[in-house]
Structure formats: C-alpha cells, structure tokens
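The data block below is protein12.pdb; it holds PDB, C-alpha atoms and all ligand atoms.
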```
ATOM      1  CA  MET A1045       0.000   0.000   0.000  1.00  0.00           C
ATOM      2  CA  ASN A1046       1.089   3.542  -0.659  1.00  0.00           C
ATOM      3  CA  ALA A1047       2.621   5.029   2.489  1.00  0.00           C
ATOM      4  CA  LYS A1048       3.282   8.340   0.716  1.00  0.00           C
ATOM      5  CA  LYS A1049      -0.409   8.667  -0.119  1.00  0.00           C
ATOM      6  CA  PHE A1050      -1.462   8.027   3.493  1.00  0.00           C
ATOM      7  CA  ALA A1051       0.925  10.691   4.810  1.00  0.00           C
ATOM      8  CA  GLY A1052       0.149  13.202   2.076  1.00  0.00           C
ATOM      9  CA  GLU A1053      -3.597  12.985   2.495  1.00  0.00           C
ATOM     10  CA  LYS A1054      -3.481  13.074   6.321  1.00  0.00           C
ATOM     11  CA  ALA A1055      -1.574  16.372   6.306  1.00  0.00           C
ATOM     12  CA  VAL A1056      -4.438  18.088   4.495  1.00  0.00           C
ATOM     13  CA  GLU A1057      -6.347  18.037   7.803  1.00  0.00           C
ATOM     14  CA  TYR A1058      -4.186  21.002   8.843  1.00  0.00           C
ATOM     15  CA  VAL A1059      -5.549  23.176   6.017  1.00  0.00           C
ATOM     16  CA  LYS A1060      -8.582  25.293   6.912  1.00  0.00           C
ATOM     17  CA  ASP A1061     -10.841  27.585   4.945  1.00  0.00           C
ATOM     18  CA  GLY A1062      -9.267  30.953   4.128  1.00  0.00           C
ATOM     19  CA  MET A1063      -5.654  29.815   4.546  1.00  0.00           C
ATOM     20  CA  THR A1064      -2.703  30.604   2.351  1.00  0.00           C
ATOM     21  CA  VAL A1065      -0.889  27.311   1.806  1.00  0.00           C
ATOM     22  CA  GLY A1066       2.673  26.565   0.709  1.00  0.00           C
ATOM     23  CA  LEU A1067       2.613  23.700  -1.770  1.00  0.00           C
ATOM     24  CA  GLY A1068       5.753  21.553  -1.716  1.00  0.00           C
ATOM     25  CA  THR A1069       7.275  19.456  -4.472  1.00  0.00           C
ATOM     26  CA  GLY A1070       7.527  15.707  -4.975  1.00  0.00           C
ATOM     27  CA  SER A1071       5.674  12.422  -5.050  1.00  0.00           C
ATOM     28  CA  THR A1072       4.462  12.509  -1.410  1.00  0.00           C
ATOM     29  CA  VAL A1073       3.077  16.037  -1.329  1.00  0.00           C
ATOM     30  CA  TYR A1074       1.512  15.221  -4.703  1.00  0.00           C
ATOM     31  CA  TRP A1075      -1.165  13.405  -2.701  1.00  0.00           C
ATOM     32  CA  SER A1076      -1.748  16.441  -0.480  1.00  0.00           C
ATOM     33  CA  ILE A1077      -2.070  18.726  -3.474  1.00  0.00           C
ATOM     34  CA  THR A1078      -4.409  16.336  -5.262  1.00  0.00           C
ATOM     35  CA  LYS A1079      -6.643  16.119  -2.184  1.00  0.00           C
ATOM     36  CA  LEU A1080      -6.600  19.903  -1.821  1.00  0.00           C
ATOM     37  CA  GLY A1081      -7.637  20.170  -5.468  1.00  0.00           C
ATOM     38  CA  ASN A1082     -10.658  17.961  -4.759  1.00  0.00           C
ATOM     39  CA  LEU A1083     -11.569  20.021  -1.682  1.00  0.00           C
ATOM     40  CA  VAL A1084     -11.298  23.245  -3.678  1.00  0.00           C
ATOM     41  CA  LYS A1085     -13.765  21.806  -6.180  1.00  0.00           C
ATOM     42  CA  GLU A1086     -16.097  21.144  -3.232  1.00  0.00           C
ATOM     43  CA  GLY A1087     -15.828  24.767  -2.076  1.00  0.00           C
ATOM     44  CA  LEU A1088     -12.707  25.034   0.109  1.00  0.00           C
ATOM     45  CA  ASN A1089     -11.356  28.572  -0.167  1.00  0.00           C
ATOM     46  CA  ILE A1090      -7.546  28.585  -0.128  1.00  0.00           C
ATOM     47  CA  LYS A1091      -4.688  30.255  -1.940  1.00  0.00           C
ATOM     48  CA  GLY A1092      -1.578  28.262  -2.794  1.00  0.00           C
ATOM     49  CA  VAL A1093       2.055  29.302  -3.122  1.00  0.00           C
ATOM     50  CA  PRO A1094       3.911  26.706  -5.237  1.00  0.00           C
ATOM     51  CA  THR A1095       7.538  25.775  -4.513  1.00  0.00           C
ATOM     52  CA  SER A1096       8.394  24.768  -8.091  1.00  0.00           C
ATOM     53  CA  LYS A1097       7.268  25.038 -11.683  1.00  0.00           C
ATOM     54  CA  GLU A1098       6.229  21.377 -11.491  1.00  0.00           C
ATOM     55  CA  THR A1099       3.924  22.061  -8.537  1.00  0.00           C
ATOM     56  CA  GLU A1100       2.619  25.250 -10.139  1.00  0.00           C
ATOM     57  CA  LYS A1101       1.570  23.214 -13.185  1.00  0.00           C
ATOM     58  CA  LEU A1102      -0.089  20.525 -11.051  1.00  0.00           C
ATOM     59  CA  ALA A1103      -1.959  23.052  -8.895  1.00  0.00           C
ATOM     60  CA  LYS A1104      -3.213  24.912 -11.956  1.00  0.00           C
ATOM     61  CA  GLU A1105      -4.455  21.662 -13.519  1.00  0.00           C
ATOM     62  CA  LEU A1106      -6.338  20.921 -10.284  1.00  0.00           C
ATOM     63  CA  GLY A1107      -7.891  24.387 -10.121  1.00  0.00           C
ATOM     64  CA  ILE A1108      -6.141  25.534  -6.925  1.00  0.00           C
ATOM     65  CA  PRO A1109      -5.951  29.362  -6.917  1.00  0.00           C
ATOM     66  CA  LEU A1110      -2.328  30.519  -6.712  1.00  0.00           C
ATOM     67  CA  VAL A1111      -0.628  33.687  -5.508  1.00  0.00           C
ATOM     68  CA  SER A1112       3.024  34.682  -5.687  1.00  0.00           C
ATOM     69  CA  MET A1113       5.140  34.467  -2.559  1.00  0.00           C
ATOM     70  CA  SER A1114       6.033  38.143  -2.891  1.00  0.00           C
ATOM     71  CA  SER A1115       2.373  39.147  -2.522  1.00  0.00           C
ATOM     72  CA  VAL A1116       2.032  37.665   1.002  1.00  0.00           C
ATOM     73  CA  ASP A1117       3.680  38.448   4.356  1.00  0.00           C
ATOM     74  CA  HIS A1118       3.371  34.925   5.636  1.00  0.00           C
ATOM     75  CA  LEU A1119       1.782  31.589   4.863  1.00  0.00           C
ATOM     76  CA  ASP A1120      -0.542  29.831   7.298  1.00  0.00           C
ATOM     77  CA  VAL A1121       0.765  26.383   6.574  1.00  0.00           C
ATOM     78  CA  THR A1122       3.181  24.657   4.184  1.00  0.00           C
ATOM     79  CA  ILE A1123       3.096  20.945   3.376  1.00  0.00           C
ATOM     80  CA  ASP A1124       6.185  19.421   1.790  1.00  0.00           C
ATOM     81  CA  GLY A1125       8.054  16.144   1.499  1.00  0.00           C
ATOM     82  CA  ALA A1126      11.617  15.340   2.559  1.00  0.00           C
ATOM     83  CA  ASP A1127      14.344  12.909   1.641  1.00  0.00           C
ATOM     84  CA  GLU A1128      15.354  12.270   5.258  1.00  0.00           C
ATOM     85  CA  ALA A1129      14.124  13.446   8.669  1.00  0.00           C
ATOM     86  CA  ASN A1130      15.682  12.781  12.089  1.00  0.00           C
ATOM     87  CA  PRO A1131      14.179  12.811  15.609  1.00  0.00           C
ATOM     88  CA  ASN A1132      15.293  16.472  16.035  1.00  0.00           C
ATOM     89  CA  PHE A1133      13.057  17.317  13.058  1.00  0.00           C
ATOM     90  CA  GLU A1134      16.126  18.204  10.984  1.00  0.00           C
ATOM     91  CA  LEU A1135      15.654  17.417   7.307  1.00  0.00           C
ATOM     92  CA  ILE A1136      17.458  16.731   4.068  1.00  0.00           C
ATOM     93  CA  LYS A1137      15.459  18.086   1.134  1.00  0.00           C
ATOM     94  CA  GLY A1138      16.101  18.768  -2.509  1.00  0.00           C
ATOM     95  CA  GLY A1139      15.943  15.348  -4.104  1.00  0.00           C
ATOM     96  CA  GLY A1140      13.664  16.930  -6.673  1.00  0.00           C
ATOM     97  CA  GLY A1141      15.922  19.970  -7.011  1.00  0.00           C
ATOM     98  CA  ALA A1142      13.420  22.466  -5.554  1.00  0.00           C
ATOM     99  CA  LEU A1143      15.202  23.101  -2.246  1.00  0.00           C
ATOM    100  CA  LEU A1144      15.748  26.857  -2.608  1.00  0.00           C
ATOM    101  CA  ARG A1145      12.126  27.795  -3.185  1.00  0.00           C
ATOM    102  CA  GLU A1146      11.022  25.150  -0.690  1.00  0.00           C
ATOM    103  CA  LYS A1147      13.220  26.697   2.009  1.00  0.00           C
ATOM    104  CA  MET A1148      12.073  30.212   1.196  1.00  0.00           C
ATOM    105  CA  VAL A1149       8.397  29.238   1.342  1.00  0.00           C
ATOM    106  CA  ALA A1150       8.828  27.200   4.554  1.00  0.00           C
ATOM    107  CA  SER A1151      10.733  30.079   6.176  1.00  0.00           C
ATOM    108  CA  ILE A1152       7.681  32.379   6.152  1.00  0.00           C
ATOM    109  CA  SER A1153       5.155  29.680   7.089  1.00  0.00           C
ATOM    110  CA  LYS A1154       3.510  29.687  10.511  1.00  0.00           C
ATOM    111  CA  GLN A1155       3.339  25.919  10.365  1.00  0.00           C
ATOM    112  CA  PHE A1156       5.595  23.641   8.316  1.00  0.00           C
ATOM    113  CA  ILE A1157       4.318  20.101   7.952  1.00  0.00           C
ATOM    114  CA  VAL A1158       6.574  17.403   6.520  1.00  0.00           C
ATOM    115  CA  VAL A1159       5.079  14.353   4.842  1.00  0.00           C
ATOM    116  CA  ILE A1160       7.247  11.241   4.526  1.00  0.00           C
ATOM    117  CA  ASP A1161       7.035   7.475   4.427  1.00  0.00           C
ATOM    118  CA  GLU A1162       8.629   5.510   7.244  1.00  0.00           C
ATOM    119  CA  SER A1163      11.796   4.666   5.260  1.00  0.00           C
ATOM    120  CA  LYS A1164      12.858   8.329   5.460  1.00  0.00           C
ATOM    121  CA  PHE A1165      12.810   8.657   9.254  1.00  0.00           C
ATOM    122  CA  VAL A1166      16.428   8.042  10.308  1.00  0.00           C
ATOM    123  CA  ASN A1167      18.527   8.476  13.449  1.00  0.00           C
ATOM    124  CA  GLN A1168      21.325  10.280  11.625  1.00  0.00           C
ATOM    125  CA  LEU A1169      21.102  12.316   8.419  1.00  0.00           C
ATOM    126  CA  GLY A1170      23.479  11.724   5.523  1.00  0.00           C
ATOM    127  CA  ALA A1171      22.833   8.380   3.859  1.00  0.00           C
ATOM    128  CA  PHE A1172      20.864  10.377   1.290  1.00  0.00           C
ATOM    129  CA  PRO A1173      23.279  12.644  -0.630  1.00  0.00           C
ATOM    130  CA  LEU A1174      22.737  16.240   0.453  1.00  0.00           C
ATOM    131  CA  PRO A1175      21.591  18.461  -2.448  1.00  0.00           C
ATOM    132  CA  VAL A1176      23.314  21.853  -2.621  1.00  0.00           C
ATOM    133  CA  GLU A1177      22.223  24.494  -5.133  1.00  0.00           C
ATOM    134  CA  ILE A1178      25.230  26.240  -6.698  1.00  0.00           C
ATOM    135  CA  VAL A1179      25.686  28.875  -9.383  1.00  0.00           C
ATOM    136  CA  PRO A1180      26.866  27.536 -12.770  1.00  0.00           C
ATOM    137  CA  PHE A1181      29.853  29.943 -12.852  1.00  0.00           C
ATOM    138  CA  SER A1182      33.009  27.900 -12.131  1.00  0.00           C
ATOM    139  CA  TRP A1183      30.954  25.135 -10.534  1.00  0.00           C
ATOM    140  CA  GLU A1184      34.075  22.950 -10.482  1.00  0.00           C
ATOM    141  CA  THR A1185      35.688  25.370  -7.994  1.00  0.00           C
ATOM    142  CA  THR A1186      32.603  25.303  -5.772  1.00  0.00           C
ATOM    143  CA  LEU A1187      32.639  21.491  -5.747  1.00  0.00           C
ATOM    144  CA  LYS A1188      36.302  21.490  -4.699  1.00  0.00           C
ATOM    145  CA  THR A1189      35.501  23.814  -1.787  1.00  0.00           C
ATOM    146  CA  ILE A1190      32.493  21.741  -0.723  1.00  0.00           C
ATOM    147  CA  ASN A1191      34.709  18.623  -0.820  1.00  0.00           C
ATOM    148  CA  LYS A1192      36.851  20.138   1.978  1.00  0.00           C
ATOM    149  CA  LEU A1193      33.853  19.771   4.304  1.00  0.00           C
ATOM    150  CA  GLY A1194      34.280  15.994   4.156  1.00  0.00           C
ATOM    151  CA  CYS A1195      32.026  14.776   1.382  1.00  0.00           C
ATOM    152  CA  THR A1196      32.183  13.692  -2.228  1.00  0.00           C
ATOM    153  CA  PRO A1197      30.150  16.197  -4.250  1.00  0.00           C
ATOM    154  CA  LYS A1198      28.807  15.202  -7.669  1.00  0.00           C
ATOM    155  CA  LEU A1199      27.236  17.550 -10.167  1.00  0.00           C
ATOM    156  CA  ARG A1200      23.666  16.376 -10.800  1.00  0.00           C
ATOM    157  CA  ILE A1201      22.983  15.310 -14.362  1.00  0.00           C
ATOM    158  CA  LYS A1202      19.753  13.875 -15.695  1.00  0.00           C
ATOM    159  CA  THR A1203      21.313  10.747 -17.188  1.00  0.00           C
ATOM    160  CA  ASP A1204      24.918   9.742 -17.871  1.00  0.00           C
ATOM    161  CA  SER A1205      26.638  12.176 -20.235  1.00  0.00           C
ATOM    162  CA  SER A1206      23.634  14.504 -20.550  1.00  0.00           C
ATOM    163  CA  PRO A1207      23.877  18.225 -19.623  1.00  0.00           C
ATOM    164  CA  PRO A1208      23.676  19.248 -15.954  1.00  0.00           C
ATOM    165  CA  PHE A1209      20.308  19.368 -14.238  1.00  0.00           C
ATOM    166  CA  VAL A1210      19.184  23.019 -14.106  1.00  0.00           C
ATOM    167  CA  SER A1211      16.973  24.199 -11.229  1.00  0.00           C
ATOM    168  CA  ASP A1212      13.942  26.484 -11.574  1.00  0.00           C
ATOM    169  CA  ASN A1213      16.338  29.297 -10.593  1.00  0.00           C
ATOM    170  CA  GLU A1214      18.759  28.457 -13.445  1.00  0.00           C
ATOM    171  CA  ASN A1215      21.338  27.003 -11.049  1.00  0.00           C
ATOM    172  CA  TYR A1216      23.071  23.623 -10.777  1.00  0.00           C
ATOM    173  CA  ILE A1217      22.741  21.044  -8.002  1.00  0.00           C
ATOM    174  CA  ALA A1218      25.677  19.304  -6.310  1.00  0.00           C
ATOM    175  CA  ASP A1219      24.694  16.034  -4.598  1.00  0.00           C
ATOM    176  CA  CYS A1220      27.051  15.694  -1.645  1.00  0.00           C
ATOM    177  CA  TYR A1221      27.836  12.216  -0.289  1.00  0.00           C
ATOM    178  CA  PHE A1222      28.565  12.624   3.431  1.00  0.00           C
ATOM    179  CA  GLU A1223      27.333   9.188   4.629  1.00  0.00           C
ATOM    180  CA  ASN A1224      26.911  10.577   8.187  1.00  0.00           C
ATOM    181  CA  ILE A1225      26.227  14.193   9.064  1.00  0.00           C
ATOM    182  CA  GLU A1226      27.390  14.614  12.666  1.00  0.00           C
ATOM    183  CA  ASN A1227      26.247  18.205  13.137  1.00  0.00           C
ATOM    184  CA  PRO A1228      23.578  19.254  10.616  1.00  0.00           C
ATOM    185  CA  ALA A1229      23.126  22.769  12.063  1.00  0.00           C
ATOM    186  CA  GLU A1230      26.844  23.547  11.764  1.00  0.00           C
ATOM    187  CA  LEU A1231      27.088  22.069   8.273  1.00  0.00           C
ATOM    188  CA  ASN A1232      24.105  24.145   7.155  1.00  0.00           C
ATOM    189  CA  LEU A1233      25.972  27.340   8.096  1.00  0.00           C
ATOM    190  CA  GLN A1234      29.321  26.157   6.694  1.00  0.00           C
ATOM    191  CA  LEU A1235      27.834  25.320   3.304  1.00  0.00           C
ATOM    192  CA  ASN A1236      26.001  28.614   2.996  1.00  0.00           C
ATOM    193  CA  MET A1237      29.238  30.509   3.713  1.00  0.00           C
ATOM    194  CA  ILE A1238      30.880  29.127   0.545  1.00  0.00           C
ATOM    195  CA  PRO A1239      30.931  31.599  -2.364  1.00  0.00           C
ATOM    196  CA  GLY A1240      29.056  29.917  -5.199  1.00  0.00           C
ATOM    197  CA  VAL A1241      26.628  28.104  -2.921  1.00  0.00           C
ATOM    198  CA  VAL A1242      23.123  29.504  -3.189  1.00  0.00           C
ATOM    199  CA  GLU A1243      21.409  27.266  -0.616  1.00  0.00           C
ATOM    200  CA  ASN A1244      21.640  23.760   0.752  1.00  0.00           C
ATOM    201  CA  GLY A1245      19.062  21.084   1.476  1.00  0.00           C
ATOM    202  CA  LEU A1246      19.462  20.974   5.276  1.00  0.00           C
ATOM    203  CA  PHE A1247      16.324  22.331   6.924  1.00  0.00           C
ATOM    204  CA  ILE A1248      17.152  23.131  10.551  1.00  0.00           C
ATOM    205  CA  ASN A1249      14.604  24.377  13.114  1.00  0.00           C
ATOM    206  CA  MET A1250      11.980  24.637  10.432  1.00  0.00           C
ATOM    207  CA  ALA A1251       9.691  21.569  10.612  1.00  0.00           C
ATOM    208  CA  ASP A1252       6.872  21.787  13.170  1.00  0.00           C
ATOM    209  CA  THR A1253       5.141  18.511  12.426  1.00  0.00           C
ATOM    210  CA  ILE A1254       6.158  15.275  10.729  1.00  0.00           C
ATOM    211  CA  VAL A1255       3.395  13.129   9.268  1.00  0.00           C
ATOM    212  CA  LEU A1256       4.806   9.652   8.714  1.00  0.00           C
ATOM    213  CA  GLY A1257       2.934   7.139   6.593  1.00  0.00           C
ATOM    214  CA  LYS A1258       3.398   3.380   6.843  1.00  0.00           C
ATOM    215  CA  THR A1259       2.685   0.738   4.243  1.00  0.00           C
ATOM    216  CA  ASN A1260       0.108  -0.936   6.522  1.00  0.00           C
ATOM    217  CA  GLY A1261      -1.973   2.249   6.401  1.00  0.00           C
ATOM    218  CA  ASP A1262      -0.993   3.625   9.842  1.00  0.00           C
ATOM    219  CA  VAL A1263      -0.039   7.275  10.004  1.00  0.00           C
ATOM    220  CA  THR A1264       2.002   8.695  12.885  1.00  0.00           C
ATOM    221  CA  VAL A1265       1.902  12.432  13.562  1.00  0.00           C
ATOM    222  CA  MET A1266       4.858  13.900  15.475  1.00  0.00           C
ATOM    223  CA  SER A1267       4.930  17.493  16.753  1.00  0.00           C
TER     224      SER A1267
HETATM  225  O1  LIG A1301      12.769  18.151  -1.470  1.00  0.00           O
HETATM  226  C1  LIG A1301      12.067  17.715  -2.343  1.00  0.00           C
HETATM  227  C2  LIG A1301      12.092  18.231  -3.729  1.00  0.00           C
HETATM  228  O2  LIG A1301      13.097  19.187  -3.896  1.00  0.00           O
HETATM  229  C3  LIG A1301      11.113  16.626  -2.049  1.00  0.00           C
HETATM  230  O3  LIG A1301      10.259  17.053  -1.046  1.00  0.00           O
HETATM  231  C4  LIG A1301      11.868  15.421  -1.597  1.00  0.00           C
HETATM  232  O4  LIG A1301      12.796  15.072  -2.603  1.00  0.00           O
HETATM  233  C5  LIG A1301      10.931  14.239  -1.341  1.00  0.00           C
HETATM  234  O5  LIG A1301      10.343  13.845  -2.540  1.00  0.00           O
HETATM  235  P1  LIG A1301       9.373  12.604  -2.626  1.00  0.00           P
HETATM  236  O6  LIG A1301       8.176  12.926  -1.796  1.00  0.00           O
HETATM  237  O7  LIG A1301       9.077  12.477  -4.093  1.00  0.00           O
HETATM  238  O8  LIG A1301      10.100  11.391  -2.108  1.00  0.00           O
END
```

Now that the file is in, can you turn its structure into structure tokens?
Ligand SMILES: O=C(CO)[C@H](O)[C@H](O)COP(=O)(O)O
Amino acid sequence: MNAKKFAGEKAVEYVKDGMTVGLGTGSTVYWSITKLGNLVKEGLNIKGVPTSKETEKLAKELGIPLVSMSSVDHLDVTIDGADEANPNFELIKGGGGALLREKMVASISKQFIVVIDESKFVNQLGAFPLPVEIVPFSWETTLKTINKLGCTPKLRIKTDSSPPFVSDNENYIADCYFENIENPAELNLQLNMIPGVVENGLFINMADTIVLGKTNGDVTVMS
C-alpha cells in the first residue's frame, strides 16, 4: 500500500478555509495537493504558493488558486516532502531539485508540515546525498571547496553524459555524499558561507510537524 499517499492525504487536515498554503514538491506532497484540489472543487477557499514550476503546473491543472510568494507576508501552513528526517526534526530536502524555493516558502510559514514514508525517518542524516544548489559559474571550484567539508560532491545530471540538471532558478545542483552528518546545524551554516553556494538542502529548526505514513496504512503524527 502507498505510504506516501497516506501521509500526504493526512496532512491536508491542517488546512482550513481561508488559509494561504505553501505547496511543496515531490511524489508525497503530490497526494496532499491532489486532495486539496478535490476540496477546492467542493468549495474550500484557499490560496496556494507553489515551490516549483512542477507544482505550479499541477496546482493549476487541479484548479487551486495561486498567488506569488512576494504578494504575502506569511503563509498559514506549508506541506512538503523530505528525503530524510531525524528525531530532532532536521531534514534533508532537494531530491527533486526544488530546495531553494522550498526553504524560502517554509521560512515564512507559521506551520511547516513534513510528509514522509517511514523509510525516510532516520537516526542520523546523511545516507541520502545532500543536495546543494550552486551557481553555474566555475561550478568545479565550488565542488572542490564543498569537498573540503568531508564529502564527495557530484554535479547532478539527468542521465549519464547529458547536460547538468538546471533548477527552476537556473542554477546547478551538487549532490554531496557525506554518509553521516554529525552536526547538521553547523554544516548548514558552513555550506552557505561558501561563495558559489546559493542554498543547501538541510532544513534546521523549520519543521513543526512530521506526518509519517506506513505501508500498513498507519499514520504517525509527530509534533
Ligand atoms: O525536497 C524535495 C524536492 O526538492 C522533495 O520534497 C523530496 O525530494 C521528497 O520527494 P518525494 O516525496 O518524491 O520522495
């Protein structure tokens, strides 16, 4: 059974009439957005702020009214997926390459709800390669600097020998293989100090609630 669907749909319970809602990116929050689309058709009055072009397209197809992030002071709630989450509610995000907009949207949300399946809840972050958004200019130099922090960074490409993956912000993504991230909060600051790094996929002190779906249909909510 689809654990992502259970988590994604459960999180929609946090969305109330009149709210402005951050809409994350990925295959788990897809289920939240699809359910919201159905509720909008039934009369729910919300405005969405998408975190990627992909989500913008999906929300438009579903008839969810959208506003730009710059037109609001805050969002009431944001629902988004993650690639890993630990018991401190620290996250790795960016597997889909949308980490910059996702972090910006989450940062002005009163409530940030993370939807994951149970395989992503881990004691220590780092088995999933950490996505870091970097500017294309001299990306090789930026990778060398990131490497000094103790990881193997690889430029993301779509398939072998194709051009680099380009984010919605026209940047590249470096996937950084740390294996174990001992101190996520410190690494978050270290990465963002590197010239050429735009943002990294560590989300620290941001998640308020984790909605964890299991294949047997159980959903655990942690706050
Ligand atoms: O950060 C993300 C996209 O940039 C996604 O939220 C993350 O990759 C999880 O995706 P999925 O729900 O498809 O497993």

Which residues of range 1096-1143 of chain A come within 10 Å of range 1220-1232 of chain A, and what is each one's closest atom pair and distance in Å (one decimal), counting only C-alpha atoms, sorted by chain and residue number, as CSV?
```
residue,atom,partner,partner_atom,distance
A:Glu1134,CA,A:Pro1228,CA,7.5
A:Leu1135,CA,A:Pro1228,CA,8.8
A:Ile1136,CA,A:Pro1228,CA,9.3
```

Contact residues around Ser1151 in chain A with only C-alpha atoms at 9 Å, ignoring same-chain residues under 4 positions, as a PyMOL selection string: chain A and resi 1118+1146-1147+1156+1250

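Between atom O2 of ligand LIG 1301 (chain A) and CA of Leu1193 in chain A there is a distance of 22.3 Å.
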
- request: Select, from A:Ala1150, A:Val1121, A:Val1158, A:Val1056, the residue with the minimum atom-to-atom distance to ligand LIG 1301 (chain A), counting only C-alpha atoms and all ligand atoms.
  value: A:Val1158

Can you list every residue of range 1176-1260 of chain A that has an atom at most 10 Å from range 1087-1103 of chain A, with its nearest atom pair and the distance in Å to one decimal, using all atoms listed in the file, ordered by chain then number, as JSON lines?
```
{"residue": "A:Ser1211", "atom": "CA", "partner": "A:Ser1096", "partner_atom": "CA", "distance": 9.2}
{"residue": "A:Asp1212", "atom": "CA", "partner": "A:Ser1096", "partner_atom": "CA", "distance": 6.8}
{"residue": "A:Asn1213", "atom": "CA", "partner": "A:Ser1096", "partner_atom": "CA", "distance": 9.5}
```

Point-to-point distance from atom O7 of ligand LIG 1301 (chain A) to CA of Trp1075 in chain A, Å rounded to tenths: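 Those two atoms sit 10.4 Å apart.
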
Around all the atoms of range 1212-1228 of chain A listed in the file, with 8 Å of room on each side, what axis-aligned box do you get, giving centre and edge lengths in Å to one decimal, as lines of an AutoDock Vina configuration file?
```
center_x = 21.3
center_y = 19.2
center_z = -0.2
size_x = 30.6
size_y = 36.1
size_z = 42.6
```

- prompt: Excluding same-chain residues fewer than 3 positions from Gly1245 in chain A, what lies within 7 Å of it counting all atoms listed in the file, as a PyMOL selection string?
  reply: chain A and resi 1136-1138+1143+1174-1176

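Between atom C2 of ligand LIG 1301 (chain A) and CA of Glu1086 in chain A the interatomic distance comes to 28.3 Å.
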